[in-house]
Amino acid sequence: MISFISLGGCGEKDPSQALPNTSATACRPGVAQIAVHDGSLQHICGCTESTGQSVVYPPAALTCTVPVDTFVLFYFLDTHLRHQLVPQGTSGFNAGAPFNPERPSSNKVHSAGFSQTGSFAFKDVFLPTVQGVIVVQ
């Protein structure tokens, strides 16, 4: 089962104020962080593949491997374009709310909880070449 919520994550009361862990490459247990930029995705921490803060540009897809019962936090950072993460194919990745940088109230963090193993592909509906997969082991 996948639970999908739009929260600030990391205990923030206001989701728009939640910032990713950019000071280190280690997240707290049970959390992975990915930055969504205009035209790229970036490992921040918590993914097995990230050996630092690697950026993935299309046509490559970001892969983030995490253990079961991990929350993946997607941060919309330094963006001037709209974004919305949606499932690719029948992956079971639930669509997030649209992010609109022109609206101050637009949620800047998107959170997905993964409680079962599998591969969950996603893409950005507004920039479909920006894509990735969460692999839950």
# chains A, B, ... in the order shown; residues from 1 in each chain; ligands from 1

$ residues_around --residues "range 124-130 of chain A" --least-positions-apart "4" --cutoff "8 Å" --atoms "only C-alpha atoms" --output "PyMOL selection string"
chain A and resi 39-41+57-59+61+82-86

$ write_last_selection --atoms "N, CA and C atoms" --output "mmCIF file, in the first residue's frame"
data_model
loop_
_atom_site.group_PDB
_atom_site.id
_atom_site.type_symbol
_atom_site.label_atom_id
_atom_site.label_comp_id
_atom_site.auth_asym_id
_atom_site.auth_seq_id
_atom_site.Cartn_x
_atom_site.Cartn_y
_atom_site.Cartn_z
ATOM 1 N N GLY A 39 13.560 21.367 -15.086
ATOM 2 C CA GLY A 39 14.366 20.596 -16.026
ATOM 3 C C GLY A 39 15.298 19.582 -15.409
ATOM 4 N N SER A 40 15.203 19.300 -14.117
ATOM 5 C CA SER A 40 16.055 18.277 -13.513
ATOM 6 C C SER A 40 15.490 17.820 -12.172
ATOM 7 N N LEU A 41 16.012 16.681 -11.713
ATOM 8 C CA LEU A 41 15.728 16.163 -10.378
ATOM 9 C C LEU A 41 17.064 16.001 -9.674
ATOM 10 N N TYR A 57 19.565 14.955 -15.282
ATOM 11 C CA TYR A 57 18.931 15.719 -16.356
ATOM 12 C C TYR A 57 18.332 14.771 -17.382
ATOM 13 N N PRO A 58 17.199 15.142 -18.002
ATOM 14 C CA PRO A 58 16.630 14.337 -19.079
ATOM 15 C C PRO A 58 17.632 14.208 -20.223
ATOM 16 N N PRO A 59 17.635 13.099 -20.918
ATOM 17 C CA PRO A 59 16.616 12.047 -20.892
ATOM 18 C C PRO A 59 16.815 11.015 -19.790
ATOM 19 N N ALA A 61 16.623 9.255 -16.192
ATOM 20 C CA ALA A 61 15.608 9.269 -15.137
ATOM 21 C C ALA A 61 16.303 9.081 -13.796
ATOM 22 N N ARG A 82 5.601 25.600 -13.607
ATOM 23 C CA ARG A 82 4.675 24.740 -12.880
ATOM 24 C C ARG A 82 5.203 23.306 -12.911
ATOM 25 N N HIS A 83 4.847 22.569 -11.867
ATOM 26 C CA HIS A 83 5.225 21.162 -11.768
ATOM 27 C C HIS A 83 4.078 20.380 -11.156
ATOM 28 N N GLN A 84 3.984 19.120 -11.528
ATOM 29 C CA GLN A 84 3.082 18.182 -10.868
ATOM 30 C C GLN A 84 3.609 16.783 -11.123
ATOM 31 N N LEU A 85 3.883 16.052 -10.064
ATOM 32 C CA LEU A 85 4.376 14.686 -10.203
ATOM 33 C C LEU A 85 3.197 13.740 -10.313
ATOM 34 N N VAL A 86 3.225 12.913 -11.359
ATOM 35 C CA VAL A 86 2.126 11.983 -11.634
ATOM 36 C C VAL A 86 2.716 10.605 -11.932
#

$ select_by_dssp --residues "range 26-121 of chain A" --states "strand (DSSP E or B)" --output "number ranges by chain"
A: 31-37, 40-45, 55-56, 62-66, 70-76, 83, 85-87, 99, 109-114, 118-121

$ atom_distance --atom1 "CA of Gln53 in chain A" --atom2 "CA of Gly92 in chain A"
26.5 Å
